[in-house]
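> Right, I'll just put the structure down here and ask away after.
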Amino acid sequence: MSGNKNKYLMFLGCAIPYRVSAYEISARKMLQKLGVELVEMPEFNCCGLPLDPVSHEMMLILAARNLALAELKGLNIIALCPGCAGTLKKVNKMLKEDKVLREEINKHLKEAGLEFKGTIDAKHLMQVLIEDVGLERIKNSVVKPLTMLKVAEHNGCHILRPKEYIGFDDPEDPKTLKTLIEATGATCLDYMDETECCGAPSVGVSDKVALQLARDKLNHIKMVDAEAMITICPFCHIMYDTNELRIEKMFNETYGIPILHYPQLLGLAMGIPCEELAFNELRVDVSKILKKVTEGEN
Amino acid sequence: MSETEEKRIKASEMDPKFKYEISKIHGGEKLMRCFQCGTCTSDCPVARFSETYRPRQIIRMAQLGLRERVLGSDTLWLCAACFTCTDRCPQDVEVASVIRVLRNLAAEKGYVPQVFKEQATSVLESGYAYKIPELRIKKRETSGLPPLPKGNAESIRKSLQGVGFLKFLECAGEKK
């Protein structure tokens, strides 16, 4: 699907305004610097994903409603949350391909004066970066290469799976985030179980299982001496940043590994001042890294 | 009843029609293809740390028609929906989707964990799955962020009319 590659409707979702504003702040700064225009959409609602477990129908309607609203503007959607992006992509594909389902969902949307036609696309931030902005433009935007940093990436699940609907990168051997990290000049380290789930969806059902999963990953990236972990999902970020201290206490571990949103990393490399990238919103102390980056410029 | 007796499956518990019921629902179509290889369980991140959650077992129970055991089980809600099982299943069963179908069926019977009721209620009231704190909304301005999209709760409620799940939410009916 074509469409304007420099102008998108911003889809925030719920988790980001709820408690992950650093991701939004840094992403907006980064996109602005890359020349990507964001249009706000006041009527967007929850993507629907959180309710899929209890009502697939409700998920479909909520997702389709967002897509129908975007169609009225004639712009593609950019979502910062892979859960939102994945849901919108999946439902967009389902409704485009299944006429019966589309008619059924449109009956609901009609009640609110809306109709799904299947004329736009939804993409995650990372997909926009690699496919529409392009690696060259990203590399050209780097003014302070972060060659002094060794970091680990964490893709999370919904940016890649289920592959039939997402159709982005290779879920068994993803390369995009690595490539984007290396574009900043930083080294991206390999480690065991890189594609493992962060555990976030199990929070509330079994915190113990969820935190053990998060701990497992922190152990792996500690073993390869990563100085930071880079995420592209608000839920993964909550699991590792918000919960890192809790995991340390619960399992008697010491990590002290900062968890950065990818736009914060690229933002640093682009020379955006630290104060504008919302590092103060992060729970795990990030000062060591920031010092290293600042000293590196001398 | 001893633990062994509880685990013992009685023929009377098995409903052979259950698998056909599931197969008619979107996402559950390929349940019967499962030949119990166990790829799903061995690759499941949750099963690594949970003592009870085993996707292969859930699929087998569904095939056997152990309706009550599956739908009333707490472990059903442990799936993190990472879709690793779906992507790696050699039989293309779409394991995570079958589990979602089972959860939906459990919800229809009233087995709905509280968190989902709260999120659904919040969506109907504000458009968001979480109640965004006032402080966060105000802070957006000082952080240089555009105002939080207001959503359109009335329009959302209109489009969700007739959705079966809403009957579990006290607020939904009143606010229509």
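Letters for chains follow the order of the structure tokens (A, B, ...), residue numbers begin at 1 for each chain, and ligand numbers begin at 1 in the order shown.
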Residues within 10 Å of His124 of chain A, please, as a list in words. Count only C-alpha atoms; anything in the same chain fewer than 3 positions from it doesn't count.
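Within the cut-off, the hits are Phe11, Ile77, Ile78, Ala79, Leu80, Cys81, Pro82, Gly83, Cys84, Ala85, Gly86, Leu88, Lys89, Gln127, Val128, Leu129, Ile159, Phe168, Ile232 and Cys233 of chain A.
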> Residues of chain B within 6 Å of chain A, counting only C-alpha atoms, what are they? List them as a compact mmCIF listing (two decimals) with N, CA and C atoms, in the first residue's frame.

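Final file, part.txt:
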```txt
# COMPACT_ATOMS: atom_id res chain seq x y z
N PHE B 49 8.33 -21.24 33.17
CA PHE B 49 8.33 -20.82 34.57
C PHE B 49 7.06 -21.17 35.33
N SER B 50 6.02 -21.55 34.61
CA SER B 50 4.79 -21.92 35.29
C SER B 50 4.77 -23.44 35.49
N LEU B 78 -3.19 -17.86 31.63
CA LEU B 78 -1.76 -17.59 31.75
C LEU B 78 -1.06 -17.31 30.42
N ALA B 80 0.54 -15.74 27.41
CA ALA B 80 0.96 -14.35 27.24
C ALA B 80 0.69 -13.85 25.83
N CYS B 82 2.14 -14.52 23.05
CA CYS B 82 3.37 -14.12 22.34
C CYS B 82 3.37 -14.69 20.92
N PHE B 83 2.52 -15.68 20.68
CA PHE B 83 2.34 -16.31 19.36
C PHE B 83 3.54 -17.14 18.89
N ARG B 100 -7.30 -18.44 22.62
CA ARG B 100 -8.16 -17.25 22.67
C ARG B 100 -9.64 -17.63 22.50
N ARG B 103 -10.78 -19.01 25.73
CA ARG B 103 -10.98 -17.94 26.70
C ARG B 103 -12.31 -17.21 26.44
N ASN B 104 -12.55 -16.95 25.17
CA ASN B 104 -13.82 -16.29 24.80
C ASN B 104 -15.01 -17.13 25.25
N ALA B 107 -15.33 -16.88 28.92
CA ALA B 107 -15.92 -15.58 29.27
C ALA B 107 -17.43 -15.60 29.08
N GLY B 127 -12.80 5.30 26.24
CA GLY B 127 -12.12 4.92 25.01
C GLY B 127 -10.77 4.28 25.28
N TYR B 128 -10.26 4.43 26.50
CA TYR B 128 -8.96 3.85 26.87
C TYR B 128 -9.16 2.64 27.78
N ILE B 132 -6.57 6.88 32.53
CA ILE B 132 -5.36 7.70 32.50
C ILE B 132 -5.45 8.73 33.63
N PRO B 149 -5.79 12.62 23.21
CA PRO B 149 -7.03 12.48 22.44
C PRO B 149 -8.20 12.14 23.36
N LYS B 150 -9.29 12.85 23.19
CA LYS B 150 -10.42 12.71 24.10
C LYS B 150 -11.24 11.45 23.86
N GLY B 151 -11.10 10.88 22.70
CA GLY B 151 -11.93 9.71 22.37
C GLY B 151 -13.37 10.14 22.16
N ASN B 152 -14.21 9.17 21.92
CA ASN B 152 -15.62 9.50 21.75
C ASN B 152 -16.43 8.33 22.32
N SER B 155 -19.84 7.36 20.78
CA SER B 155 -19.72 6.69 19.50
C SER B 155 -19.22 5.25 19.67
N LYS B 158 -22.07 3.13 20.88
CA LYS B 158 -23.01 2.86 19.78
C LYS B 158 -22.50 1.72 18.91
N SER B 159 -21.20 1.75 18.59
CA SER B 159 -20.68 0.71 17.70
C SER B 159 -20.57 -0.64 18.39
```
> How would you write, as a ChimeraX atom specification, the set of residues in segment 65-271 of chain A that DSSP gives as strand (DSSP E or B)?
/A:77-79,122-124,150-154,187-189,228-231,259-261
> So that I have them on file, write out the residues from the current selection with C-alpha atoms, as a PDB file, in the first residue's frame.

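So the final result, stored in result28.pdb, reads:
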```
ATOM      1  CA  ILE A  77      -1.505   5.105  10.915  1.00  0.00           C
ATOM      2  CA  ILE A  78       1.735   5.053  12.866  1.00  0.00           C
ATOM      3  CA  ALA A  79       1.570   3.285  16.226  1.00  0.00           C
ATOM      4  CA  ALA A 122      -1.229   0.760   9.831  1.00  0.00           C
ATOM      5  CA  LYS A 123       2.441   0.530  10.723  1.00  0.00           C
ATOM      6  CA  HIS A 124       4.613   0.386  13.788  1.00  0.00           C
ATOM      7  CA  LYS A 150      27.487  -1.636  23.750  1.00  0.00           C
ATOM      8  CA  VAL A 151      23.805  -2.420  24.037  1.00  0.00           C
ATOM      9  CA  ALA A 152      21.360  -5.319  23.725  1.00  0.00           C
ATOM     10  CA  GLU A 153      18.162  -5.182  21.726  1.00  0.00           C
ATOM     11  CA  HIS A 154      14.759  -6.509  22.730  1.00  0.00           C
ATOM     12  CA  THR A 187      27.363  -1.952  19.058  1.00  0.00           C
ATOM     13  CA  CYS A 188      24.444  -4.356  19.327  1.00  0.00           C
ATOM     14  CA  LEU A 189      25.362  -7.515  21.243  1.00  0.00           C
ATOM     15  CA  ALA A 228      21.746  -0.847  28.217  1.00  0.00           C
ATOM     16  CA  MET A 229      18.773  -2.610  26.730  1.00  0.00           C
ATOM     17  CA  ILE A 230      16.893  -0.993  23.843  1.00  0.00           C
ATOM     18  CA  THR A 231      13.141  -1.537  23.515  1.00  0.00           C
ATOM     19  CA  ILE A 259      16.396   0.375  29.603  1.00  0.00           C
ATOM     20  CA  LEU A 260      16.140   2.927  26.805  1.00  0.00           C
ATOM     21  CA  HIS A 261      13.401   3.453  24.257  1.00  0.00           C
TER      22      HIS A 261
END
```
> Tell me, which residues of chain B carry DSSP helix (DSSP H, G or I), written as a PyMOL selection string?
chain B and resi 3-7+11-13+18-23+31-33+39-43+45-49+55-64+67-71+74-78+84-88+95-108+114-126+134-142+153-159+164-168+170-175
> Excluding same-chain residues fewer than 3 positions from Leu105 of chain B, what lies within 9 Å of it counting only C-alpha atoms, as a count of residues only?
11
